[in-house]
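The structure file model.tsv is reproduced below (TSV, C-alpha atoms).
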```
chain	number	residue	atom	x	y	z
A	1	MET	CA	-18.93	-11.93	-8.09
A	2	ARG	CA	-17.35	-12.17	-4.68
A	3	LEU	CA	-16.36	-9.31	-2.40
A	4	ILE	CA	-12.57	-8.85	-2.49
A	5	PHE	CA	-12.17	-5.45	-0.79
A	6	SER	CA	-14.33	-3.51	1.65
A	7	ASP	CA	-13.60	-0.21	3.36
A	8	PRO	CA	-17.01	1.11	4.47
A	9	THR	CA	-17.31	4.75	5.40
A	10	PRO	CA	-18.67	5.63	8.85
A	11	ARG	CA	-21.64	7.63	7.58
A	12	TRP	CA	-22.55	9.09	10.97
A	13	VAL	CA	-19.28	11.04	11.39
A	14	PRO	CA	-20.05	14.18	9.33
A	15	PHE	CA	-23.51	14.47	10.85
A	16	ALA	CA	-22.14	14.23	14.37
A	17	ALA	CA	-19.53	16.86	13.46
A	18	VAL	CA	-22.22	19.21	12.14
A	19	ILE	CA	-24.27	18.78	15.32
A	20	LEU	CA	-21.23	19.54	17.50
A	21	ILE	CA	-20.16	22.54	15.41
A	22	VAL	CA	-23.63	24.07	15.21
A	23	GLY	CA	-24.29	23.41	18.90
A	24	GLY	CA	-20.95	24.97	19.85
A	25	VAL	CA	-21.56	28.05	17.69
A	26	TRP	CA	-25.07	28.51	19.11
A	27	PHE	CA	-23.88	28.06	22.71
A	28	ALA	CA	-20.92	30.44	22.22
A	29	SER	CA	-23.19	33.04	20.60
A	30	VAL	CA	-25.64	32.92	23.49
A	31	TRP	CA	-22.75	32.95	25.98
A	32	GLN	CA	-21.41	36.11	24.33
A	33	ASN	CA	-24.82	37.76	24.83
A	34	PHE	CA	-25.94	37.78	21.22
A	35	GLU	CA	-29.67	37.91	20.83
A	36	PHE	CA	-31.23	34.48	21.22
A	37	ALA	CA	-33.11	34.81	17.89
A	38	PHE	CA	-29.97	35.90	16.02
A	39	ALA	CA	-27.88	33.08	17.52
A	40	THR	CA	-30.55	30.54	16.57
A	41	LYS	CA	-30.95	31.85	13.00
A	42	PHE	CA	-27.19	31.97	12.50
A	43	ALA	CA	-26.73	28.42	13.85
A	44	LEU	CA	-29.52	27.09	11.63
A	45	GLY	CA	-28.03	28.84	8.59
A	46	LEU	CA	-24.64	27.34	9.40
A	47	ALA	CA	-26.26	23.89	9.71
A	48	VAL	CA	-27.84	24.24	6.26
A	49	VAL	CA	-24.51	25.26	4.70
A	50	LEU	CA	-22.67	22.38	6.37
A	51	PHE	CA	-25.32	19.82	5.37
A	52	ILE	CA	-25.18	21.03	1.76
A	53	GLY	CA	-21.41	20.60	1.92
A	54	ILE	CA	-21.82	17.01	3.14
A	55	PHE	CA	-24.25	16.18	0.34
A	56	LEU	CA	-22.05	17.72	-2.37
A	57	GLN	CA	-18.75	16.44	-1.02
A	58	GLY	CA	-19.24	12.90	-2.26
A	59	ARG	CA	-20.60	13.98	-5.62
A	60	LEU	CA	-17.98	16.61	-6.50
A	61	PHE	CA	-14.82	16.00	-4.48
A	62	TRP	CA	-14.50	12.55	-2.92
A	63	THR	CA	-15.15	10.58	-6.09
A	64	GLY	CA	-12.63	7.77	-6.40
A	65	GLN	CA	-12.28	6.01	-3.05
A	66	VAL	CA	-13.54	2.45	-3.28
A	67	ASP	CA	-16.06	1.37	-0.66
A	68	GLN	CA	-16.46	-2.16	-2.02
A	69	LEU	CA	-14.76	-4.06	-4.82
A	70	HIS	CA	-16.31	-7.22	-6.24
A	71	GLY	CA	-14.64	-9.45	-8.79
A	72	ASP	CA	-14.41	-12.89	-10.34
A	73	GLY	CA	-10.89	-12.73	-11.80
A	74	THR	CA	-11.80	-11.11	-15.11
A	75	ARG	CA	-14.71	-8.75	-14.41
A	76	TYR	CA	-14.79	-6.27	-11.53
A	77	GLU	CA	-17.24	-3.81	-10.06
A	78	ALA	CA	-16.29	-1.00	-7.69
A	79	LEU	CA	-18.73	0.94	-5.54
A	80	THR	CA	-17.31	4.32	-4.56
A	81	SER	CA	-17.57	5.83	-1.08
A	82	ILE	CA	-20.00	8.63	-0.35
A	83	TRP	CA	-21.48	10.14	2.83
A	84	VAL	CA	-25.09	10.36	1.69
A	85	GLY	CA	-26.86	8.14	-0.82
A	86	ARG	CA	-25.43	5.45	-3.04
A	87	GLY	CA	-21.96	5.68	-4.50
A	88	LYS	CA	-21.23	5.22	-8.17
A	89	ARG	CA	-20.90	1.69	-9.58
A	90	ILE	CA	-17.99	1.34	-11.94
A	91	SER	CA	-17.67	-1.90	-13.93
A	92	PHE	CA	-14.44	-2.88	-15.66
A	93	THR	CA	-12.37	-5.85	-16.76
A	94	ALA	CA	-8.84	-6.76	-15.78
A	95	ALA	CA	-7.65	-5.52	-19.19
A	96	ASP	CA	-9.12	-2.04	-18.48
A	97	ILE	CA	-6.92	-1.52	-15.40
A	98	SER	CA	-3.70	0.51	-15.67
A	99	ASP	CA	-1.48	3.04	-13.86
A	100	TRP	CA	-1.01	1.15	-10.61
A	101	THR	CA	0.58	3.20	-7.80
A	102	ALA	CA	1.04	2.41	-4.11
A	103	THR	CA	1.79	5.01	-1.45
A	104	ALA	CA	3.39	4.01	1.82
A	105	ALA	CA	1.90	4.78	5.21
A	106	SER	CA	4.08	6.41	7.83
A	107	VAL	CA	5.03	3.81	10.41
A	108	LYS	CA	6.73	3.88	13.77
A	109	ALA	CA	10.31	2.71	14.09
A	110	GLY	CA	10.54	-1.07	14.20
A	111	GLU	CA	7.15	-1.66	12.56
A	112	PRO	CA	6.97	-3.19	9.09
A	113	ALA	CA	6.02	-0.88	6.22
A	114	LYS	CA	2.49	-1.11	4.88
A	115	PRO	CA	0.71	0.63	2.03
A	116	SER	CA	-1.59	3.54	2.78
A	117	THR	CA	-3.39	3.65	-0.56
A	118	VAL	CA	-3.21	1.79	-3.86
A	119	TYR	CA	-4.33	3.85	-6.85
A	120	PHE	CA	-5.30	2.50	-10.26
A	121	THR	CA	-7.15	3.61	-13.35
A	122	ALA	CA	-10.15	1.57	-14.49
A	123	GLY	CA	-10.92	2.71	-18.02
A	124	THR	CA	-10.90	6.49	-17.59
A	125	LYS	CA	-11.78	6.58	-13.87
A	126	ARG	CA	-9.05	6.95	-11.23
A	127	LEU	CA	-9.84	4.79	-8.18
A	128	ASP	CA	-8.09	4.17	-4.89
A	129	LEU	CA	-8.11	1.40	-2.31
A	130	SER	CA	-7.41	2.69	1.19
A	131	PHE	CA	-5.39	0.27	3.30
A	132	THR	CA	-5.52	2.46	6.40
A	133	ASN	CA	-8.25	0.45	8.13
A	134	PRO	CA	-10.11	-1.82	5.69
A	135	LYS	CA	-12.68	-4.31	6.93
A	136	LEU	CA	-11.96	-6.93	4.26
A	137	VAL	CA	-8.98	-7.52	1.97
A	138	ASP	CA	-8.83	-10.68	-0.15
A	139	MET	CA	-5.24	-10.71	-1.42
A	140	ASP	CA	-5.96	-13.61	-3.82
A	141	GLY	CA	-8.78	-11.61	-5.42
A	142	LEU	CA	-6.64	-8.47	-5.68
A	143	THR	CA	-3.72	-10.45	-7.08
A	144	ALA	CA	-5.96	-11.76	-9.88
A	145	MET	CA	-6.41	-8.16	-11.07
A	146	ASN	CA	-2.70	-7.78	-11.90
A	147	PRO	CA	-0.48	-10.64	-10.64
A	148	ALA	CA	2.84	-8.96	-11.47
A	149	TYR	CA	1.96	-5.71	-9.73
A	150	TRP	CA	0.60	-7.37	-6.58
A	151	ALA	CA	3.65	-9.64	-6.38
A	152	LYS	CA	5.77	-6.46	-6.26
A	153	VAL	CA	3.46	-4.90	-3.64
A	154	LYS	CA	3.68	-8.05	-1.48
A	155	ALA	CA	7.48	-7.95	-1.80
A	156	ASP	CA	7.61	-4.24	-0.87
A	157	TYR	CA	5.14	-4.64	2.01
A	158	PRO	CA	5.63	-8.10	3.55
A	159	ALA	CA	3.19	-7.29	6.38
A	160	LEU	CA	0.33	-6.95	3.86
A	161	LYS	CA	-2.06	-9.85	4.20
A	162	SER	CA	-5.70	-10.79	3.75
A	163	ILE	CA	-8.11	-9.37	6.33
A	164	GLY	CA	-11.59	-10.57	7.22
```
So, in terms of structure tokens, how does the structure I just supplied come out?
Amino acid sequence: MRLIFSDPTPRWVPFAAVILIVGGVWFASVWQNFEFAFATKFALGLAVVLFIGIFLQGRLFWTGQVDQLHGDGTRYEALTSIWVGRGKRISFTAADISDWTATAASVKAGEPAKPSTVYFTAGTKRLDLSFTNPKLVDMDGLTAMNPAYWAKVKADYPALKSIG
């Protein structure tokens, strides 16, 4: 199967955010003359809570965004996005796909409209393709999933084209 959509997640972002938050809390605590030991214990506790949140976020909340989509025209396999570890692999056929919905991105005046996200249901799983900043979009491969729907999307968003 060939890769027809890729929107990789920048996995370093939440870890950098945790480091900045914890460092800022520790520095502010010391600056406000809290005991050094208390400030350190509090900052470490906050780091543990934030890291647990990062680990659980992809398993419990952020479950349907597609990181990669592979397909051959009849069979497809989606790998969902996650911050830590491997995302879920969801296999489906073109006949299993339903409930297509596209949401428009806000654009500046004079710019052509483009989709922000395309949602669809594969079997019982709701998935979404983010068109905010994808690395690869193969419009021929996506069109093979549902030619009538993608013809409408191309008509609604003429600026939409293959990337990568």
Query raised in the report: In Å, how far is it from atom CA of Phe131 of chain A to atom CA of Thr117 of chain A?
Result: 5.5 Å
Requested in this report: Around the point (-11.9, -10.6, -15.5) in the file's coordinates, collect all residues with an atom within 12 Å, using all atoms listed in the file, and return them as number ranges by chain.
Outcome: A: 1, 70-77, 91-97, 141-146
Mind writing the picked residues with C-alpha atoms as an mmCIF file, in the frame of the given file?
```
data_model
loop_
_atom_site.group_PDB
_atom_site.id
_atom_site.type_symbol
_atom_site.label_atom_id
_atom_site.label_comp_id
_atom_site.auth_asym_id
_atom_site.auth_seq_id
_atom_site.Cartn_x
_atom_site.Cartn_y
_atom_site.Cartn_z
ATOM 1 C CA MET A 1 -18.930 -11.930 -8.090
ATOM 2 C CA HIS A 70 -16.310 -7.220 -6.240
ATOM 3 C CA GLY A 71 -14.640 -9.450 -8.790
ATOM 4 C CA ASP A 72 -14.410 -12.890 -10.340
ATOM 5 C CA GLY A 73 -10.890 -12.730 -11.800
ATOM 6 C CA THR A 74 -11.800 -11.110 -15.110
ATOM 7 C CA ARG A 75 -14.710 -8.750 -14.410
ATOM 8 C CA TYR A 76 -14.790 -6.270 -11.530
ATOM 9 C CA GLU A 77 -17.240 -3.810 -10.060
ATOM 10 C CA SER A 91 -17.670 -1.900 -13.930
ATOM 11 C CA PHE A 92 -14.440 -2.880 -15.660
ATOM 12 C CA THR A 93 -12.370 -5.850 -16.760
ATOM 13 C CA ALA A 94 -8.840 -6.760 -15.780
ATOM 14 C CA ALA A 95 -7.650 -5.520 -19.190
ATOM 15 C CA ASP A 96 -9.120 -2.040 -18.480
ATOM 16 C CA ILE A 97 -6.920 -1.520 -15.400
ATOM 17 C CA GLY A 141 -8.780 -11.610 -5.420
ATOM 18 C CA LEU A 142 -6.640 -8.470 -5.680
ATOM 19 C CA THR A 143 -3.720 -10.450 -7.080
ATOM 20 C CA ALA A 144 -5.960 -11.760 -9.880
ATOM 21 C CA MET A 145 -6.410 -8.160 -11.070
ATOM 22 C CA ASN A 146 -2.700 -7.780 -11.900
#
```
**Report entry** Option closest in space to Ala28 of chain A, from A:Pro112, A:Thr9, A:Phe42, A:Tyr149 [counting only C-alpha atoms]
**Finding:**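 Smallest separation from Ala28 of chain A among the options: A:Phe42.
Here atom CA of Asp128 of chain A and atom CA of Val49 of chain A stand 28.4 Å from one another.
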Query raised in the report: Of the residues A:Asp7, A:Ala37, A:Thr101, A:Ala47, which is the one nearest to Val25 of chain A, using only C-alpha atoms?
Result: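 That would be A:Ala47, the residue with the smallest distance to Val25 of chain A.
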Query - Which of A:Pro147, A:Gly87, A:Gly23, A:Pro158 sits closest to Gly64 of chain A [using only C-alpha atoms] - result: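 Going through A:Pro147, A:Gly87, A:Gly23, A:Pro158 one by one, the smallest distance to Gly64 of chain A is for A:Gly87.
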